[in-house]
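Q: Got entry_11.cif for you, mmCIF, N, CA and C atoms:
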```cif
data_structure
#
loop_
_atom_site.label_atom_id
_atom_site.label_comp_id
_atom_site.auth_asym_id
_atom_site.auth_seq_id
_atom_site.Cartn_x
_atom_site.Cartn_y
_atom_site.Cartn_z
N MET E 1 35.17 -10.06 -17.06
CA MET E 1 34.08 -9.19 -17.45
C MET E 1 33.94 -8.08 -16.42
N GLY E 2 33.92 -6.84 -16.87
CA GLY E 2 33.73 -5.70 -15.98
C GLY E 2 32.26 -5.34 -15.86
N GLN E 3 31.96 -4.62 -14.81
CA GLN E 3 30.58 -4.19 -14.63
C GLN E 3 30.28 -3.01 -15.54
N ASN E 4 29.04 -2.89 -15.87
CA ASN E 4 28.57 -1.76 -16.64
C ASN E 4 28.75 -0.50 -15.79
N PRO E 5 29.39 0.56 -16.30
CA PRO E 5 29.60 1.77 -15.50
C PRO E 5 28.29 2.40 -15.03
N ARG E 6 27.23 2.24 -15.81
CA ARG E 6 25.94 2.80 -15.41
C ARG E 6 25.39 2.10 -14.16
N VAL E 7 25.56 0.78 -14.09
CA VAL E 7 25.10 0.01 -12.93
C VAL E 7 25.90 0.42 -11.69
N THR E 8 27.20 0.58 -11.82
CA THR E 8 28.04 0.98 -10.70
C THR E 8 27.64 2.36 -10.20
N ARG E 9 27.41 3.29 -11.12
CA ARG E 9 27.01 4.64 -10.73
C ARG E 9 25.65 4.60 -10.03
N ASN E 10 24.74 3.75 -10.53
CA ASN E 10 23.41 3.63 -9.95
C ASN E 10 23.51 3.11 -8.51
N ARG E 11 24.35 2.11 -8.27
CA ARG E 11 24.53 1.58 -6.92
C ARG E 11 25.11 2.63 -5.99
N THR E 12 26.03 3.41 -6.50
CA THR E 12 26.63 4.47 -5.69
C THR E 12 25.58 5.49 -5.30
N LEU E 13 24.71 5.86 -6.23
CA LEU E 13 23.64 6.81 -5.92
C LEU E 13 22.66 6.24 -4.91
N VAL E 14 22.37 4.94 -5.01
CA VAL E 14 21.46 4.31 -4.06
C VAL E 14 22.05 4.36 -2.66
N TRP E 15 23.31 3.98 -2.52
CA TRP E 15 23.94 4.01 -1.19
C TRP E 15 24.05 5.43 -0.65
N LEU E 16 24.34 6.36 -1.52
CA LEU E 16 24.42 7.76 -1.10
C LEU E 16 23.05 8.26 -0.64
N ALA E 17 22.00 7.88 -1.34
CA ALA E 17 20.64 8.28 -0.95
C ALA E 17 20.26 7.68 0.40
N VAL E 18 20.65 6.44 0.65
CA VAL E 18 20.35 5.81 1.95
C VAL E 18 21.09 6.52 3.08
N VAL E 19 22.37 6.81 2.87
CA VAL E 19 23.15 7.50 3.90
C VAL E 19 22.60 8.89 4.17
N VAL E 20 22.29 9.64 3.12
CA VAL E 20 21.74 10.98 3.29
C VAL E 20 20.38 10.91 3.96
N GLY E 21 19.56 9.92 3.60
CA GLY E 21 18.27 9.74 4.24
C GLY E 21 18.40 9.49 5.73
N LEU E 22 19.34 8.63 6.12
CA LEU E 22 19.57 8.36 7.55
C LEU E 22 20.04 9.62 8.28
N LEU E 23 20.94 10.37 7.65
CA LEU E 23 21.43 11.60 8.29
C LEU E 23 20.31 12.62 8.45
N LEU E 24 19.46 12.75 7.45
CA LEU E 24 18.36 13.71 7.54
C LEU E 24 17.33 13.32 8.59
N ILE E 25 17.06 12.04 8.73
CA ILE E 25 16.12 11.61 9.76
C ILE E 25 16.72 11.81 11.15
N ALA E 26 18.02 11.58 11.29
CA ALA E 26 18.68 11.88 12.57
C ALA E 26 18.63 13.37 12.85
N LEU E 27 18.82 14.18 11.83
CA LEU E 27 18.74 15.63 11.97
C LEU E 27 17.33 16.05 12.41
N ALA E 28 16.32 15.42 11.85
CA ALA E 28 14.94 15.73 12.23
C ALA E 28 14.71 15.44 13.71
N ILE E 29 15.25 14.33 14.18
CA ILE E 29 15.11 13.99 15.60
C ILE E 29 15.79 15.03 16.48
N VAL E 30 16.95 15.49 16.05
CA VAL E 30 17.65 16.54 16.82
C VAL E 30 16.81 17.81 16.86
N TYR E 31 16.24 18.20 15.73
CA TYR E 31 15.39 19.40 15.69
C TYR E 31 14.20 19.27 16.63
N TRP E 32 13.60 18.07 16.70
CA TRP E 32 12.43 17.88 17.54
C TRP E 32 12.81 17.79 19.02
N ALA E 33 13.99 17.28 19.33
CA ALA E 33 14.36 17.03 20.73
C ALA E 33 15.04 18.21 21.41
N GLU E 34 15.76 19.01 20.67
CA GLU E 34 16.56 20.08 21.26
C GLU E 34 15.98 21.46 20.97
N PRO E 35 16.03 22.35 21.94
CA PRO E 35 15.61 23.74 21.67
C PRO E 35 16.67 24.43 20.81
N ALA E 36 16.31 25.57 20.26
CA ALA E 36 17.19 26.29 19.33
C ALA E 36 18.53 26.66 19.97
N LYS E 37 18.54 26.92 21.27
CA LYS E 37 19.80 27.30 21.92
C LYS E 37 20.76 26.12 22.03
N SER E 38 20.25 24.88 22.00
CA SER E 38 21.09 23.70 22.15
C SER E 38 21.55 23.10 20.83
N LEU E 39 21.05 23.63 19.72
CA LEU E 39 21.48 23.12 18.41
C LEU E 39 22.92 23.53 18.15
N PRO E 40 23.67 22.71 17.42
CA PRO E 40 25.01 23.13 17.04
C PRO E 40 24.95 24.42 16.24
N SER E 41 25.95 25.26 16.36
CA SER E 41 25.91 26.59 15.75
C SER E 41 25.84 26.55 14.23
N PHE E 42 26.23 25.45 13.59
CA PHE E 42 26.17 25.39 12.12
C PHE E 42 24.82 24.90 11.61
N PHE E 43 23.90 24.52 12.51
CA PHE E 43 22.55 24.12 12.10
C PHE E 43 21.73 25.36 11.78
N PRO E 44 20.94 25.33 10.71
CA PRO E 44 20.00 26.42 10.48
C PRO E 44 18.99 26.46 11.63
N GLY E 45 18.73 27.62 12.15
CA GLY E 45 17.77 27.75 13.23
C GLY E 45 18.39 27.88 14.60
N HIS E 46 19.72 27.76 14.70
CA HIS E 46 20.38 27.94 15.99
C HIS E 46 20.21 29.38 16.44
N THR E 47 19.67 29.56 17.64
CA THR E 47 19.50 30.89 18.21
C THR E 47 19.91 30.82 19.67
N ALA E 48 20.91 31.58 20.04
CA ALA E 48 21.38 31.58 21.42
C ALA E 48 20.28 32.08 22.35
N GLY E 49 20.04 31.35 23.42
CA GLY E 49 19.07 31.76 24.43
C GLY E 49 17.63 31.45 24.10
N SER E 50 17.34 30.80 22.99
CA SER E 50 15.96 30.51 22.59
C SER E 50 15.56 29.11 23.03
N ASN E 51 14.37 28.99 23.61
CA ASN E 51 13.84 27.69 24.00
C ASN E 51 12.87 27.13 22.96
N HIS E 52 12.80 27.77 21.80
CA HIS E 52 11.89 27.37 20.73
C HIS E 52 12.39 26.10 20.06
N HIS E 53 11.48 25.16 19.80
CA HIS E 53 11.81 23.96 19.04
C HIS E 53 11.44 24.20 17.58
N HIS E 54 12.32 23.82 16.67
CA HIS E 54 12.09 24.03 15.24
C HIS E 54 11.37 22.82 14.65
N THR E 55 10.08 22.75 14.92
CA THR E 55 9.28 21.62 14.46
C THR E 55 9.22 21.56 12.95
N LYS E 56 9.06 22.70 12.29
CA LYS E 56 8.96 22.70 10.83
C LYS E 56 10.28 22.27 10.18
N HIS E 57 11.41 22.68 10.77
CA HIS E 57 12.71 22.22 10.25
C HIS E 57 12.80 20.69 10.36
N GLY E 58 12.33 20.16 11.48
CA GLY E 58 12.36 18.71 11.68
C GLY E 58 11.46 17.99 10.70
N ILE E 59 10.27 18.52 10.47
CA ILE E 59 9.36 17.89 9.51
C ILE E 59 9.96 17.91 8.11
N ALA E 60 10.56 19.03 7.73
CA ALA E 60 11.17 19.13 6.39
C ALA E 60 12.32 18.13 6.25
N ALA E 61 13.19 18.06 7.25
CA ALA E 61 14.32 17.12 7.19
C ALA E 61 13.81 15.68 7.12
N PHE E 62 12.77 15.38 7.88
CA PHE E 62 12.21 14.02 7.89
C PHE E 62 11.63 13.67 6.52
N LEU E 63 10.88 14.57 5.93
CA LEU E 63 10.26 14.29 4.63
C LEU E 63 11.30 14.15 3.52
N VAL E 64 12.33 14.98 3.55
CA VAL E 64 13.39 14.85 2.53
C VAL E 64 14.16 13.54 2.75
N GLY E 65 14.34 13.14 4.00
CA GLY E 65 14.97 11.85 4.29
C GLY E 65 14.14 10.70 3.74
N LEU E 66 12.82 10.77 3.93
CA LEU E 66 11.94 9.74 3.35
C LEU E 66 12.00 9.75 1.83
N ALA E 67 12.11 10.93 1.23
CA ALA E 67 12.23 11.02 -0.23
C ALA E 67 13.52 10.35 -0.71
N CYS E 68 14.58 10.50 0.05
CA CYS E 68 15.85 9.83 -0.30
C CYS E 68 15.68 8.31 -0.25
N PHE E 69 14.96 7.82 0.77
CA PHE E 69 14.70 6.38 0.84
C PHE E 69 13.85 5.91 -0.33
N ALA E 70 12.85 6.69 -0.71
CA ALA E 70 12.01 6.34 -1.85
C ALA E 70 12.84 6.29 -3.13
N PHE E 71 13.73 7.26 -3.30
CA PHE E 71 14.62 7.28 -4.47
C PHE E 71 15.45 6.00 -4.52
N ALA E 72 16.03 5.63 -3.38
CA ALA E 72 16.86 4.42 -3.32
C ALA E 72 16.02 3.18 -3.61
N TRP E 73 14.81 3.13 -3.07
CA TRP E 73 13.95 1.97 -3.26
C TRP E 73 13.57 1.80 -4.74
N PHE E 74 13.17 2.90 -5.38
CA PHE E 74 12.77 2.81 -6.78
C PHE E 74 13.95 2.48 -7.69
N ASN E 75 15.15 2.84 -7.29
CA ASN E 75 16.31 2.54 -8.13
C ASN E 75 16.87 1.14 -7.90
N THR E 76 16.37 0.42 -6.90
CA THR E 76 16.83 -0.95 -6.69
C THR E 76 15.83 -1.97 -7.20
N GLY E 77 14.70 -1.52 -7.72
CA GLY E 77 13.69 -2.43 -8.25
C GLY E 77 14.14 -3.11 -9.52
N PRO E 78 13.38 -4.09 -9.96
CA PRO E 78 13.75 -4.79 -11.19
C PRO E 78 13.65 -3.86 -12.39
N LYS E 79 14.56 -4.04 -13.30
CA LYS E 79 14.58 -3.22 -14.51
C LYS E 79 13.61 -3.80 -15.53
N LYS E 80 12.84 -2.93 -16.15
CA LYS E 80 11.93 -3.39 -17.20
C LYS E 80 12.72 -3.59 -18.47
N THR E 81 12.45 -4.67 -19.12
CA THR E 81 13.10 -4.93 -20.41
C THR E 81 12.04 -4.87 -21.49
N ARG E 82 12.43 -4.34 -22.60
CA ARG E 82 11.52 -4.26 -23.73
C ARG E 82 11.62 -5.55 -24.53
N SER E 83 10.49 -6.16 -24.74
CA SER E 83 10.51 -7.37 -25.57
C SER E 83 9.95 -7.03 -26.95
N ALA E 84 10.55 -7.60 -27.94
CA ALA E 84 10.12 -7.33 -29.30
C ALA E 84 8.82 -8.07 -29.59
N SER E 85 7.83 -7.34 -30.02
CA SER E 85 6.54 -7.95 -30.38
C SER E 85 6.63 -8.52 -31.78
N ALA E 86 5.94 -9.65 -31.98
CA ALA E 86 6.02 -10.31 -33.28
C ALA E 86 5.23 -9.63 -34.32
#
```
Transcribe the structure of this file into structure tokens.
A:
Amino acid sequence: MGQNPRVTRNRTLVWLAVVVGLLLIALAIVYWAEPAKSLPSFFPGHTAGSNHHHTKHGIAAFLVGLACFAFAWFNTGPKKTRSASA
């Protein structure tokens, strides 16, 4: 017996959401801890010579990371089944 393709795709999305959520929360920590001059050049907000911390970028990354976790959580819950009423 093979698995339902929809279930497999759903599990893949859940794992992808968890990984992306972890990466975004790590990114938020980097934004909060490092000044703009110390960010990698491919990060939005990198500015050479700037001591400014991108707090709003960190908050946005953190909230989107939490949203990814919420997505994963809601997709792993029990499935509702419709029962036929008599």
Q: How would you write, as a list in words, the residues chosen by the PyMOL selection byres (((chain E and resi 75 and name CA) around 12) and name CA) on this structure?
A: Val7, Arg9, Asn10, Arg11, Thr12, Leu13, Val14, Trp15, Leu16, Ala17, Val18, Cys68, Phe69, Ala70, Phe71, Ala72, Trp73, Phe74, Thr76, Gly77, Pro78, Lys79 and Lys80 of chain E
Q: Save the residues we just selected, N, CA and C atoms, as a PDB file, keeping the file's coordinate frame?
A:
```
ATOM      1  N   VAL E   7      25.560   0.780 -14.090  1.00  0.00           N
ATOM      2  CA  VAL E   7      25.100   0.010 -12.930  1.00  0.00           C
ATOM      3  C   VAL E   7      25.900   0.420 -11.690  1.00  0.00           C
ATOM      4  N   ARG E   9      27.410   3.290 -11.120  1.00  0.00           N
ATOM      5  CA  ARG E   9      27.010   4.640 -10.730  1.00  0.00           C
ATOM      6  C   ARG E   9      25.650   4.600 -10.030  1.00  0.00           C
ATOM      7  N   ASN E  10      24.740   3.750 -10.530  1.00  0.00           N
ATOM      8  CA  ASN E  10      23.410   3.630  -9.950  1.00  0.00           C
ATOM      9  C   ASN E  10      23.510   3.110  -8.510  1.00  0.00           C
ATOM     10  N   ARG E  11      24.350   2.110  -8.270  1.00  0.00           N
ATOM     11  CA  ARG E  11      24.530   1.580  -6.920  1.00  0.00           C
ATOM     12  C   ARG E  11      25.110   2.630  -5.990  1.00  0.00           C
ATOM     13  N   THR E  12      26.030   3.410  -6.500  1.00  0.00           N
ATOM     14  CA  THR E  12      26.630   4.470  -5.690  1.00  0.00           C
ATOM     15  C   THR E  12      25.580   5.490  -5.300  1.00  0.00           C
ATOM     16  N   LEU E  13      24.710   5.860  -6.230  1.00  0.00           N
ATOM     17  CA  LEU E  13      23.640   6.810  -5.920  1.00  0.00           C
ATOM     18  C   LEU E  13      22.660   6.240  -4.910  1.00  0.00           C
ATOM     19  N   VAL E  14      22.370   4.940  -5.010  1.00  0.00           N
ATOM     20  CA  VAL E  14      21.460   4.310  -4.060  1.00  0.00           C
ATOM     21  C   VAL E  14      22.050   4.360  -2.660  1.00  0.00           C
ATOM     22  N   TRP E  15      23.310   3.980  -2.520  1.00  0.00           N
ATOM     23  CA  TRP E  15      23.940   4.010  -1.190  1.00  0.00           C
ATOM     24  C   TRP E  15      24.050   5.430  -0.650  1.00  0.00           C
ATOM     25  N   LEU E  16      24.340   6.360  -1.520  1.00  0.00           N
ATOM     26  CA  LEU E  16      24.420   7.760  -1.100  1.00  0.00           C
ATOM     27  C   LEU E  16      23.050   8.260  -0.640  1.00  0.00           C
ATOM     28  N   ALA E  17      22.000   7.880  -1.340  1.00  0.00           N
ATOM     29  CA  ALA E  17      20.640   8.280  -0.950  1.00  0.00           C
ATOM     30  C   ALA E  17      20.260   7.680   0.400  1.00  0.00           C
ATOM     31  N   VAL E  18      20.650   6.440   0.650  1.00  0.00           N
ATOM     32  CA  VAL E  18      20.350   5.810   1.950  1.00  0.00           C
ATOM     33  C   VAL E  18      21.090   6.520   3.080  1.00  0.00           C
ATOM     34  N   CYS E  68      14.580  10.500   0.050  1.00  0.00           N
ATOM     35  CA  CYS E  68      15.850   9.830  -0.300  1.00  0.00           C
ATOM     36  C   CYS E  68      15.680   8.310  -0.250  1.00  0.00           C
ATOM     37  N   PHE E  69      14.960   7.820   0.770  1.00  0.00           N
ATOM     38  CA  PHE E  69      14.700   6.380   0.840  1.00  0.00           C
ATOM     39  C   PHE E  69      13.850   5.910  -0.330  1.00  0.00           C
ATOM     40  N   ALA E  70      12.850   6.690  -0.710  1.00  0.00           N
ATOM     41  CA  ALA E  70      12.010   6.340  -1.850  1.00  0.00           C
ATOM     42  C   ALA E  70      12.840   6.290  -3.130  1.00  0.00           C
ATOM     43  N   PHE E  71      13.730   7.260  -3.300  1.00  0.00           N
ATOM     44  CA  PHE E  71      14.620   7.280  -4.470  1.00  0.00           C
ATOM     45  C   PHE E  71      15.450   6.000  -4.520  1.00  0.00           C
ATOM     46  N   ALA E  72      16.030   5.630  -3.380  1.00  0.00           N
ATOM     47  CA  ALA E  72      16.860   4.420  -3.320  1.00  0.00           C
ATOM     48  C   ALA E  72      16.020   3.180  -3.610  1.00  0.00           C
ATOM     49  N   TRP E  73      14.810   3.130  -3.070  1.00  0.00           N
ATOM     50  CA  TRP E  73      13.950   1.970  -3.260  1.00  0.00           C
ATOM     51  C   TRP E  73      13.570   1.800  -4.740  1.00  0.00           C
ATOM     52  N   PHE E  74      13.170   2.900  -5.380  1.00  0.00           N
ATOM     53  CA  PHE E  74      12.770   2.810  -6.780  1.00  0.00           C
ATOM     54  C   PHE E  74      13.950   2.480  -7.690  1.00  0.00           C
ATOM     55  N   THR E  76      16.370   0.420  -6.900  1.00  0.00           N
ATOM     56  CA  THR E  76      16.830  -0.950  -6.690  1.00  0.00           C
ATOM     57  C   THR E  76      15.830  -1.970  -7.200  1.00  0.00           C
ATOM     58  N   GLY E  77      14.700  -1.520  -7.720  1.00  0.00           N
ATOM     59  CA  GLY E  77      13.690  -2.430  -8.250  1.00  0.00           C
ATOM     60  C   GLY E  77      14.140  -3.110  -9.520  1.00  0.00           C
ATOM     61  N   PRO E  78      13.380  -4.090  -9.960  1.00  0.00           N
ATOM     62  CA  PRO E  78      13.750  -4.790 -11.190  1.00  0.00           C
ATOM     63  C   PRO E  78      13.650  -3.860 -12.390  1.00  0.00           C
ATOM     64  N   LYS E  79      14.560  -4.040 -13.300  1.00  0.00           N
ATOM     65  CA  LYS E  79      14.580  -3.220 -14.510  1.00  0.00           C
ATOM     66  C   LYS E  79      13.610  -3.800 -15.530  1.00  0.00           C
ATOM     67  N   LYS E  80      12.840  -2.930 -16.150  1.00  0.00           N
ATOM     68  CA  LYS E  80      11.930  -3.390 -17.200  1.00  0.00           C
ATOM     69  C   LYS E  80      12.720  -3.590 -18.470  1.00  0.00           C
TER      70      LYS E  80
END
```
Q: Quick one: pull the distance between atom C of Leu66 in chain E and CA of Gly21 in chain E, Å, one decimal.
A: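 Distance between the two atoms: 6.7 Å.
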Q: Quick one: everything within 6.5 Å of range 22-24 of chain E, counting only N, CA and C atoms, minus sequence neighbours fewer than 3 positions away in the same chain. Send it as a list in words.
A: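 After dropping sequence-adjacent residues, the list is Ala17, Val18, Val19, Leu27, Ala28, Ile29, Ala61, Phe62, Val64 and Gly65 of chain E.
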Q: How about saving the chosen residues, N, CA and C atoms kept, as an mmCIF file, in the frame of the given file?
A:
```
data_model
loop_
_atom_site.group_PDB
_atom_site.id
_atom_site.type_symbol
_atom_site.label_atom_id
_atom_site.label_comp_id
_atom_site.auth_asym_id
_atom_site.auth_seq_id
_atom_site.Cartn_x
_atom_site.Cartn_y
_atom_site.Cartn_z
ATOM 1 N N ALA E 17 22.000 7.880 -1.340
ATOM 2 C CA ALA E 17 20.640 8.280 -0.950
ATOM 3 C C ALA E 17 20.260 7.680 0.400
ATOM 4 N N VAL E 18 20.650 6.440 0.650
ATOM 5 C CA VAL E 18 20.350 5.810 1.950
ATOM 6 C C VAL E 18 21.090 6.520 3.080
ATOM 7 N N VAL E 19 22.370 6.810 2.870
ATOM 8 C CA VAL E 19 23.150 7.500 3.900
ATOM 9 C C VAL E 19 22.600 8.890 4.170
ATOM 10 N N LEU E 27 18.820 14.180 11.830
ATOM 11 C CA LEU E 27 18.740 15.630 11.970
ATOM 12 C C LEU E 27 17.330 16.050 12.410
ATOM 13 N N ALA E 28 16.320 15.420 11.850
ATOM 14 C CA ALA E 28 14.940 15.730 12.230
ATOM 15 C C ALA E 28 14.710 15.440 13.710
ATOM 16 N N ILE E 29 15.250 14.330 14.180
ATOM 17 C CA ILE E 29 15.110 13.990 15.600
ATOM 18 C C ILE E 29 15.790 15.030 16.480
ATOM 19 N N ALA E 61 13.190 18.060 7.250
ATOM 20 C CA ALA E 61 14.320 17.120 7.190
ATOM 21 C C ALA E 61 13.810 15.680 7.120
ATOM 22 N N PHE E 62 12.770 15.380 7.880
ATOM 23 C CA PHE E 62 12.210 14.020 7.890
ATOM 24 C C PHE E 62 11.630 13.670 6.520
ATOM 25 N N VAL E 64 12.330 14.980 3.550
ATOM 26 C CA VAL E 64 13.390 14.850 2.530
ATOM 27 C C VAL E 64 14.160 13.540 2.750
ATOM 28 N N GLY E 65 14.340 13.140 4.000
ATOM 29 C CA GLY E 65 14.970 11.850 4.290
ATOM 30 C C GLY E 65 14.140 10.700 3.740
#
```
Q: Using only C-alpha atoms, find the one residue out of E:Val20, E:Tyr31, E:Ala67, E:Ala26 that sits nearest to His53 in chain E.
A: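 Looking only at the distances to His53 in chain E, the closest residue turns out to be E:Tyr31.
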Q: Report the distance between atom C of Phe43 in chain E and CA of Ile25 in chain E in Å, rounded to one decimal place.
A: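 Spanning atom C of Phe43 in chain E to CA of Ile25 in chain E is a straight-line distance of 15.0 Å.
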Q: Residues of chain E classed as alpha helix (DSSP H) by DSSP on the backbone are to be reported as a short mmCIF file (atom, residue, chain, number, x, y, z; two decimals) with N, CA and C atoms, keeping the file's coordinate frame.
A:
```cif
data_model
loop_
_atom_site.label_atom_id
_atom_site.label_comp_id
_atom_site.auth_asym_id
_atom_site.auth_seq_id
_atom_site.Cartn_x
_atom_site.Cartn_y
_atom_site.Cartn_z
N PRO E 5 29.39 0.56 -16.30
CA PRO E 5 29.60 1.77 -15.50
C PRO E 5 28.29 2.40 -15.03
N ARG E 6 27.23 2.24 -15.81
CA ARG E 6 25.94 2.80 -15.41
C ARG E 6 25.39 2.10 -14.16
N VAL E 7 25.56 0.78 -14.09
CA VAL E 7 25.10 0.01 -12.93
C VAL E 7 25.90 0.42 -11.69
N THR E 8 27.20 0.58 -11.82
CA THR E 8 28.04 0.98 -10.70
C THR E 8 27.64 2.36 -10.20
N ARG E 9 27.41 3.29 -11.12
CA ARG E 9 27.01 4.64 -10.73
C ARG E 9 25.65 4.60 -10.03
N ASN E 10 24.74 3.75 -10.53
CA ASN E 10 23.41 3.63 -9.95
C ASN E 10 23.51 3.11 -8.51
N ARG E 11 24.35 2.11 -8.27
CA ARG E 11 24.53 1.58 -6.92
C ARG E 11 25.11 2.63 -5.99
N THR E 12 26.03 3.41 -6.50
CA THR E 12 26.63 4.47 -5.69
C THR E 12 25.58 5.49 -5.30
N LEU E 13 24.71 5.86 -6.23
CA LEU E 13 23.64 6.81 -5.92
C LEU E 13 22.66 6.24 -4.91
N VAL E 14 22.37 4.94 -5.01
CA VAL E 14 21.46 4.31 -4.06
C VAL E 14 22.05 4.36 -2.66
N TRP E 15 23.31 3.98 -2.52
CA TRP E 15 23.94 4.01 -1.19
C TRP E 15 24.05 5.43 -0.65
N LEU E 16 24.34 6.36 -1.52
CA LEU E 16 24.42 7.76 -1.10
C LEU E 16 23.05 8.26 -0.64
N ALA E 17 22.00 7.88 -1.34
CA ALA E 17 20.64 8.28 -0.95
C ALA E 17 20.26 7.68 0.40
N VAL E 18 20.65 6.44 0.65
CA VAL E 18 20.35 5.81 1.95
C VAL E 18 21.09 6.52 3.08
N VAL E 19 22.37 6.81 2.87
CA VAL E 19 23.15 7.50 3.90
C VAL E 19 22.60 8.89 4.17
N VAL E 20 22.29 9.64 3.12
CA VAL E 20 21.74 10.98 3.29
C VAL E 20 20.38 10.91 3.96
N GLY E 21 19.56 9.92 3.60
CA GLY E 21 18.27 9.74 4.24
C GLY E 21 18.40 9.49 5.73
N LEU E 22 19.34 8.63 6.12
CA LEU E 22 19.57 8.36 7.55
C LEU E 22 20.04 9.62 8.28
N LEU E 23 20.94 10.37 7.65
CA LEU E 23 21.43 11.60 8.29
C LEU E 23 20.31 12.62 8.45
N LEU E 24 19.46 12.75 7.45
CA LEU E 24 18.36 13.71 7.54
C LEU E 24 17.33 13.32 8.59
N ILE E 25 17.06 12.04 8.73
CA ILE E 25 16.12 11.61 9.76
C ILE E 25 16.72 11.81 11.15
N ALA E 26 18.02 11.58 11.29
CA ALA E 26 18.68 11.88 12.57
C ALA E 26 18.63 13.37 12.85
N LEU E 27 18.82 14.18 11.83
CA LEU E 27 18.74 15.63 11.97
C LEU E 27 17.33 16.05 12.41
N ALA E 28 16.32 15.42 11.85
CA ALA E 28 14.94 15.73 12.23
C ALA E 28 14.71 15.44 13.71
N ILE E 29 15.25 14.33 14.18
CA ILE E 29 15.11 13.99 15.60
C ILE E 29 15.79 15.03 16.48
N VAL E 30 16.95 15.49 16.05
CA VAL E 30 17.65 16.54 16.82
C VAL E 30 16.81 17.81 16.86
N TYR E 31 16.24 18.20 15.73
CA TYR E 31 15.39 19.40 15.69
C TYR E 31 14.20 19.27 16.63
N TRP E 32 13.60 18.07 16.70
CA TRP E 32 12.43 17.88 17.54
C TRP E 32 12.81 17.79 19.02
N ALA E 33 13.99 17.28 19.33
CA ALA E 33 14.36 17.03 20.73
C ALA E 33 15.04 18.21 21.41
N THR E 55 10.08 22.75 14.92
CA THR E 55 9.28 21.62 14.46
C THR E 55 9.22 21.56 12.95
N LYS E 56 9.06 22.70 12.29
CA LYS E 56 8.96 22.70 10.83
C LYS E 56 10.28 22.27 10.18
N HIS E 57 11.41 22.68 10.77
CA HIS E 57 12.71 22.22 10.25
C HIS E 57 12.80 20.69 10.36
N GLY E 58 12.33 20.16 11.48
CA GLY E 58 12.36 18.71 11.68
C GLY E 58 11.46 17.99 10.70
N ILE E 59 10.27 18.52 10.47
CA ILE E 59 9.36 17.89 9.51
C ILE E 59 9.96 17.91 8.11
N ALA E 60 10.56 19.03 7.73
CA ALA E 60 11.17 19.13 6.39
C ALA E 60 12.32 18.13 6.25
N ALA E 61 13.19 18.06 7.25
CA ALA E 61 14.32 17.12 7.19
C ALA E 61 13.81 15.68 7.12
N PHE E 62 12.77 15.38 7.88
CA PHE E 62 12.21 14.02 7.89
C PHE E 62 11.63 13.67 6.52
N LEU E 63 10.88 14.57 5.93
CA LEU E 63 10.26 14.29 4.63
C LEU E 63 11.30 14.15 3.52
N VAL E 64 12.33 14.98 3.55
CA VAL E 64 13.39 14.85 2.53
C VAL E 64 14.16 13.54 2.75
N GLY E 65 14.34 13.14 4.00
CA GLY E 65 14.97 11.85 4.29
C GLY E 65 14.14 10.70 3.74
N LEU E 66 12.82 10.77 3.93
CA LEU E 66 11.94 9.74 3.35
C LEU E 66 12.00 9.75 1.83
N ALA E 67 12.11 10.93 1.23
CA ALA E 67 12.23 11.02 -0.23
C ALA E 67 13.52 10.35 -0.71
N CYS E 68 14.58 10.50 0.05
CA CYS E 68 15.85 9.83 -0.30
C CYS E 68 15.68 8.31 -0.25
N PHE E 69 14.96 7.82 0.77
CA PHE E 69 14.70 6.38 0.84
C PHE E 69 13.85 5.91 -0.33
N ALA E 70 12.85 6.69 -0.71
CA ALA E 70 12.01 6.34 -1.85
C ALA E 70 12.84 6.29 -3.13
N PHE E 71 13.73 7.26 -3.30
CA PHE E 71 14.62 7.28 -4.47
C PHE E 71 15.45 6.00 -4.52
N ALA E 72 16.03 5.63 -3.38
CA ALA E 72 16.86 4.42 -3.32
C ALA E 72 16.02 3.18 -3.61
N TRP E 73 14.81 3.13 -3.07
CA TRP E 73 13.95 1.97 -3.26
C TRP E 73 13.57 1.80 -4.74
N PHE E 74 13.17 2.90 -5.38
CA PHE E 74 12.77 2.81 -6.78
C PHE E 74 13.95 2.48 -7.69
N ASN E 75 15.15 2.84 -7.29
CA ASN E 75 16.31 2.54 -8.13
C ASN E 75 16.87 1.14 -7.90
#
```
Q: So what do you get for atom C of Ile59 in chain E versus atom N of Thr47 in chain E, distance-wise?
A: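 Spanning atom C of Ile59 in chain E to atom N of Thr47 in chain E is a straight-line distance of 17.9 Å.
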Q: Would you kindly translate the PyMOL selection byres ((chain E and resi 37) around 6) into the concrete residues it picks from this file, as a PyMOL selection string?
A: chain E and resi 35-36+38-39+46-52
